[in-house]
file data26.txt (compact mmCIF, C-alpha atoms)
# COMPACT_ATOMS: atom_id res chain seq x y z
CA MET A 1 -0.15 -35.24 15.69
CA THR A 2 -1.35 -34.39 19.14
CA LYS A 3 -0.64 -37.58 21.08
CA GLU A 4 2.71 -39.34 21.25
CA THR A 5 2.84 -43.10 20.84
CA ALA A 6 4.08 -45.35 23.64
CA THR A 7 7.13 -46.26 21.54
CA TYR A 8 8.07 -42.63 21.00
CA ARG A 9 7.53 -41.79 24.68
CA GLY A 10 9.80 -44.72 25.59
CA TRP A 11 12.47 -43.46 23.19
CA LYS A 12 12.34 -39.97 24.71
CA LYS A 13 12.70 -41.29 28.27
CA LEU A 14 16.11 -42.76 27.49
CA PRO A 15 19.27 -40.67 27.15
CA ASP A 16 20.13 -39.56 23.61
CA ASN A 17 23.47 -41.32 23.61
CA ARG A 18 24.98 -44.73 22.85
CA LEU A 19 23.67 -46.26 26.09
CA GLY A 20 20.11 -45.03 25.54
CA HIS A 21 20.13 -46.11 21.89
CA THR A 22 21.44 -49.56 22.86
CA LEU A 23 18.84 -50.04 25.60
CA PHE A 24 16.01 -49.01 23.28
CA SER A 25 17.31 -51.29 20.51
CA LEU A 26 17.61 -54.26 22.87
CA GLY A 27 14.00 -53.73 23.92
CA MET A 28 12.97 -53.57 20.27
CA VAL A 29 14.77 -56.85 19.49
CA ALA A 30 13.17 -58.48 22.55
CA ARG A 31 9.78 -57.59 21.10
CA VAL A 32 10.66 -58.46 17.46
CA PRO A 33 13.44 -61.07 17.69
CA TYR A 34 14.03 -61.47 13.95
CA PHE A 35 15.25 -57.87 13.78
CA GLY A 36 18.17 -59.00 15.92
CA THR A 37 19.75 -60.88 13.02
CA VAL A 38 21.20 -57.61 11.70
CA LEU A 39 22.26 -56.29 15.16
CA PRO A 40 20.35 -53.01 14.67
CA THR A 41 20.77 -49.85 16.71
CA VAL A 42 18.12 -47.16 16.50
CA VAL A 43 20.01 -43.86 16.56
CA ARG A 44 17.22 -41.39 15.74
CA LEU A 45 13.46 -41.65 16.16
CA GLU A 46 10.61 -39.20 15.87
CA PRO A 47 7.20 -39.24 14.21
CA GLY A 48 7.82 -39.59 10.48
CA LEU A 49 11.54 -40.40 10.81
CA CYS A 50 13.72 -43.28 11.94
CA GLU A 51 17.44 -43.92 11.49
CA VAL A 52 18.95 -47.32 12.26
CA THR A 53 22.51 -48.62 11.91
CA ALA A 54 23.76 -52.18 11.51
CA PRO A 55 27.36 -53.40 11.51
CA LYS A 56 28.86 -55.60 8.84
CA TRP A 57 29.54 -58.92 10.53
CA PHE A 58 29.94 -62.49 9.26
CA GLY A 59 26.32 -63.37 10.09
CA ILE A 60 25.00 -61.09 7.34
CA HIS A 61 27.64 -61.84 4.69
CA ASN A 62 26.68 -63.17 1.28
CA HIS A 63 28.93 -65.20 -1.02
CA LEU A 64 30.85 -61.98 -1.91
CA SER A 65 31.45 -61.12 1.77
CA THR A 66 29.24 -58.04 1.39
CA PHE A 67 26.06 -57.17 3.30
CA HIS A 68 23.47 -59.70 2.13
CA ALA A 69 20.57 -58.23 0.13
CA ILE A 70 17.90 -59.79 2.33
CA ALA A 71 19.71 -58.66 5.49
CA ALA A 72 19.51 -55.13 4.04
CA CYS A 73 15.76 -55.69 3.51
CA ASN A 74 15.51 -56.69 7.18
CA LEU A 75 17.26 -53.45 8.13
CA ALA A 76 14.81 -51.50 5.95
CA GLU A 77 11.93 -53.18 7.74
CA VAL A 78 13.44 -52.29 11.12
CA ALA A 79 13.55 -48.61 10.11
CA MET A 80 10.02 -48.69 8.67
CA GLY A 81 8.67 -50.54 11.70
CA MET A 82 10.12 -48.16 14.24
CA LEU A 83 8.98 -45.16 12.19
CA SER A 84 5.48 -46.66 12.15
CA GLU A 85 5.56 -47.40 15.88
CA ALA A 86 6.56 -43.77 16.57
CA THR A 87 4.07 -42.30 14.10
CA VAL A 88 0.84 -44.32 13.94
CA PRO A 89 -1.34 -43.34 16.92
CA GLY A 90 -2.94 -45.84 19.28
CA THR A 91 -6.27 -45.30 17.52
CA HIS A 92 -4.91 -47.05 14.44
CA ARG A 93 -2.85 -50.11 13.55
CA TRP A 94 -0.36 -50.84 10.79
CA ILE A 95 1.07 -53.87 9.04
CA PRO A 96 3.57 -54.19 6.18
CA LYS A 97 1.83 -55.09 2.94
CA ALA A 98 4.52 -54.93 0.24
CA MET A 99 8.17 -54.03 -0.29
CA ASN A 100 9.71 -52.79 -3.52
CA VAL A 101 13.50 -52.93 -3.31
CA GLN A 102 16.28 -51.65 -5.54
CA TYR A 103 19.81 -52.91 -4.96
CA LEU A 104 21.92 -50.00 -6.14
CA ALA A 105 25.48 -51.00 -5.23
CA LYS A 106 27.44 -53.61 -3.28
CA ALA A 107 27.42 -52.90 0.44
CA ASN A 108 30.99 -53.39 1.66
CA SER A 109 30.49 -51.86 5.11
CA GLY A 110 27.99 -51.54 7.91
CA LEU A 111 24.81 -49.76 6.89
CA ARG A 112 22.59 -46.88 7.95
CA ALA A 113 18.89 -47.03 7.07
CA VAL A 114 16.81 -43.86 7.02
CA ALA A 115 13.03 -44.14 6.83
CA LYS A 116 11.39 -40.79 6.29
CA LEU A 117 7.85 -39.81 5.40
CA PRO A 118 7.46 -36.74 3.19
CA GLU A 119 4.70 -35.72 5.61
CA VAL A 120 2.95 -37.34 8.54
CA PRO A 121 -0.61 -38.27 7.55
CA ASP A 122 -3.70 -36.92 9.28
CA PHE A 123 -4.70 -40.15 10.99
CA ASP A 124 -8.07 -38.71 12.04
CA ALA A 125 -8.92 -38.66 8.33
CA ILE A 126 -8.10 -42.37 7.94
CA THR A 127 -11.47 -43.97 8.69
CA GLU A 128 -11.03 -47.01 6.43
CA GLY A 129 -7.95 -48.98 5.39
CA GLN A 130 -5.35 -46.94 3.53
CA ASP A 131 -1.91 -47.64 2.05
CA LEU A 132 1.01 -45.61 3.35
CA ILE A 133 4.31 -45.94 1.49
CA VAL A 134 7.37 -45.53 3.70
CA PRO A 135 10.55 -44.81 1.68
CA VAL A 136 13.74 -46.20 3.18
CA SER A 137 17.21 -45.27 1.93
CA ILE A 138 20.12 -47.43 3.05
CA TYR A 139 23.61 -45.97 2.95
CA ASP A 140 27.09 -47.44 3.36
CA LYS A 141 29.79 -45.84 5.53
CA SER A 142 30.82 -43.48 2.70
CA GLY A 143 27.26 -42.12 2.37
CA LEU A 144 26.47 -43.95 -0.89
CA GLU A 145 22.89 -45.18 -1.14
CA VAL A 146 23.29 -48.93 -1.72
CA VAL A 147 19.67 -50.05 -1.30
CA HIS A 148 16.36 -48.24 -1.64
CA ALA A 149 13.08 -49.74 -0.41
CA ASP A 150 9.55 -48.45 -0.64
CA ILE A 151 7.54 -50.34 1.95
CA THR A 152 3.76 -50.20 1.69
CA THR A 153 2.01 -50.39 5.03
CA TRP A 154 -1.70 -50.92 5.51
CA ILE A 155 -3.15 -48.47 8.04
CA THR A 156 -6.59 -49.06 9.58
CA PRO A 157 -8.50 -47.68 12.54
CA LYS A 158 -8.71 -50.12 15.48

call {"tool": "encode", "arguments": {"input": "data26.txt", "output": "structure tokens"}}
result
Amino acid sequence: MTKETATYRGWKKLPDNRLGHTLFSLGMVARVPYFGTVLPTVVRLEPGLCEVTAPKWFGIHNHLSTFHAIAACNLAEVAMGMLSEATVPGTHRWIPKAMNVQYLAKANSGLRAVAKLPEVPDFDAITEGQDLIVPVSIYDKSGLEVVHADITTWITPK
């Protein structure tokens, strides 16, 4: 990839610390308000990779007082969306098309979602619509993967 996206340039302009991560995340939630329901903080972002954390708080509890399954899906979409914003160049656009989710274990803590592409596609070669599957692993505080999502995005030239 030869040209950085506006989102990735914005990320790099902020300090790589709690303040910078918080400012970036607040801007993200201002642009996509629904993401705010899980109180996400982007902690790592680069083309092909995004890591986001979310605390366990009463607003995301289910009837077992664990992290609600759909709240975890929202966190997965945050990670996929920011990865896509940092990866898909301005010559193309993306939109989520499908999500396949596996709930692997109860989530009794805050969560960390990691979206990572095995390799960044050659976007110059995408001249018609193409599916891109973004795998997202969601871990609890102990490092156990509690949710796995494969999110299919539809990539097209503008």

call {"tool": "atom_distance", "arguments": {"input": "data26.txt", "atom1": "atom CA of Ala79 of chain A", "atom2": "atom CA of Asn62 of chain A"}}
result
21.5 Å

call {"tool": "atom_distance", "arguments": {"input": "data26.txt", "atom1": "atom CA of Ile151 of chain A", "atom2": "atom CA of Val134 of chain A"}}
result
5.1 Å

call {"tool": "closest_atom_pairs", "arguments": {"input": "data26.txt", "of": "segment 81-142 of chain A", "to": "segment 45-52 of chain A", "cutoff": "8 Å", "atoms": "only C-alpha atoms", "output": "tab-separated table"}}
result
residue	atom	partner	partner_atom	distance
A:Met82	CA	A:Cys50	CA	6.5
A:Leu83	CA	A:Cys50	CA	5.1
A:Ser84	CA	A:Gly48	CA	7.6
A:Ala86	CA	A:Pro47	CA	5.1
A:Thr87	CA	A:Pro47	CA	4.4
A:Arg112	CA	A:Val52	CA	5.7
A:Ala113	CA	A:Val52	CA	5.2
A:Val114	CA	A:Glu51	CA	4.5
A:Ala115	CA	A:Cys50	CA	5.2
A:Lys116	CA	A:Leu49	CA	4.5
A:Leu117	CA	A:Gly48	CA	5.1
A:Pro118	CA	A:Gly48	CA	7.8
A:Glu119	CA	A:Gly48	CA	7.0
A:Val120	CA	A:Gly48	CA	5.7

call {"tool": "closest_residue", "arguments": {"input": "data26.txt", "among": "A:Ile138, A:Leu64, A:Leu19, A:Val78", "to": "Gly110 of chain A", "atoms": "only C-alpha atoms"}}
result
A:Ile138

call {"tool": "closest_residue", "arguments": {"input": "data26.txt", "among": "A:Phe67, A:Tyr103, A:Phe35, A:Phe58", "to": "Val147 of chain A", "atoms": "all atoms listed in the file"}}
result
A:Tyr103

call {"tool": "atom_distance", "arguments": {"input": "data26.txt", "atom1": "atom CA of Met99 of chain A", "atom2": "atom CA of Thr7 of chain A"}}
result
23.2 Å

call {"tool": "closest_residue", "arguments": {"input": "data26.txt", "among": "A:Ile126, A:Val32, A:Leu23, A:Cys73", "to": "Pro157 of chain A", "atoms": "all atoms listed in the file"}}
result
A:Ile126

call {"tool": "axis_aligned_box", "arguments": {"input": "data26.txt", "around": "segment 59-62 of chain A", "padding_each_side": "8 Å", "output": "lines of an AutoDock Vina configuration file"}}
result
center_x = 26.3
center_y = -62.2
center_z = 5.7
size_x = 18.6
size_y = 18.3
size_z = 24.8

call {"tool": "closest_residue", "arguments": {"input": "data26.txt", "among": "A:Ser142, A:Thr156, A:Gln102, A:Ser109", "to": "Ala69 of chain A", "atoms": "all atoms listed in the file"}}
result
A:Gln102

call {"tool": "closest_residue", "arguments": {"input": "data26.txt", "among": "A:His61, A:His21, A:Lys158, A:Arg31", "to": "His92 of chain A", "atoms": "all atoms listed in the file"}}
result
A:Lys158

call {"tool": "closest_residue", "arguments": {"input": "data26.txt", "among": "A:Gln130, A:Thr22, A:Trp57, A:Phe123", "to": "Thr91 of chain A", "atoms": "only C-alpha atoms"}}
result
A:Phe123

call {"tool": "build_atoms", "arguments": {"input": "data26.txt", "residues": "segment 77-91 of chain A", "atoms": "N, CA, C and O atoms", "output": "compact mmCIF listing (two decimals), keeping the file's coordinate frame"}}
result
# COMPACT_ATOMS: atom_id res chain seq x y z
N GLU A 77 13.17 -52.93 7.00
CA GLU A 77 11.93 -53.18 7.74
C GLU A 77 12.05 -52.72 9.20
O GLU A 77 11.08 -52.24 9.78
N VAL A 78 13.23 -52.82 9.77
CA VAL A 78 13.44 -52.29 11.12
C VAL A 78 13.15 -50.78 11.12
O VAL A 78 12.40 -50.28 11.97
N ALA A 79 13.73 -50.06 10.17
CA ALA A 79 13.55 -48.61 10.11
C ALA A 79 12.09 -48.25 9.88
O ALA A 79 11.54 -47.37 10.55
N MET A 80 11.44 -48.94 8.94
CA MET A 80 10.02 -48.69 8.67
C MET A 80 9.18 -49.00 9.90
O MET A 80 8.28 -48.25 10.27
N GLY A 81 9.46 -50.14 10.55
CA GLY A 81 8.67 -50.54 11.70
C GLY A 81 8.77 -49.57 12.86
O GLY A 81 7.76 -49.23 13.49
N MET A 82 9.97 -49.11 13.14
CA MET A 82 10.12 -48.16 14.24
C MET A 82 9.52 -46.81 13.89
O MET A 82 8.92 -46.15 14.73
N LEU A 83 9.66 -46.38 12.62
CA LEU A 83 8.98 -45.16 12.19
C LEU A 83 7.49 -45.31 12.41
O LEU A 83 6.84 -44.41 12.97
N SER A 84 6.93 -46.45 12.00
CA SER A 84 5.48 -46.66 12.15
C SER A 84 5.07 -46.68 13.61
O SER A 84 4.05 -46.10 13.99
N GLU A 85 5.87 -47.34 14.45
CA GLU A 85 5.56 -47.40 15.88
C GLU A 85 5.60 -46.01 16.53
O GLU A 85 4.86 -45.75 17.47
N ALA A 86 6.45 -45.13 16.01
CA ALA A 86 6.56 -43.77 16.57
C ALA A 86 5.56 -42.81 15.95
O ALA A 86 5.39 -41.70 16.46
N THR A 87 4.90 -43.22 14.87
CA THR A 87 4.07 -42.30 14.10
C THR A 87 2.59 -42.64 14.16
O THR A 87 1.75 -41.74 14.32
N VAL A 88 2.25 -43.91 14.00
CA VAL A 88 0.84 -44.32 13.94
C VAL A 88 0.26 -44.30 15.35
O VAL A 88 0.74 -44.99 16.25
N PRO A 89 -0.78 -43.48 15.57
CA PRO A 89 -1.34 -43.34 16.92
C PRO A 89 -2.04 -44.61 17.38
O PRO A 89 -2.37 -45.50 16.58
N GLY A 90 -2.29 -44.69 18.68
CA GLY A 90 -2.94 -45.84 19.28
C GLY A 90 -4.36 -46.09 18.78
O GLY A 90 -4.91 -47.16 19.00
N THR A 91 -4.93 -45.14 18.09
CA THR A 91 -6.27 -45.30 17.52
C THR A 91 -6.26 -46.11 16.25
O THR A 91 -7.30 -46.50 15.73
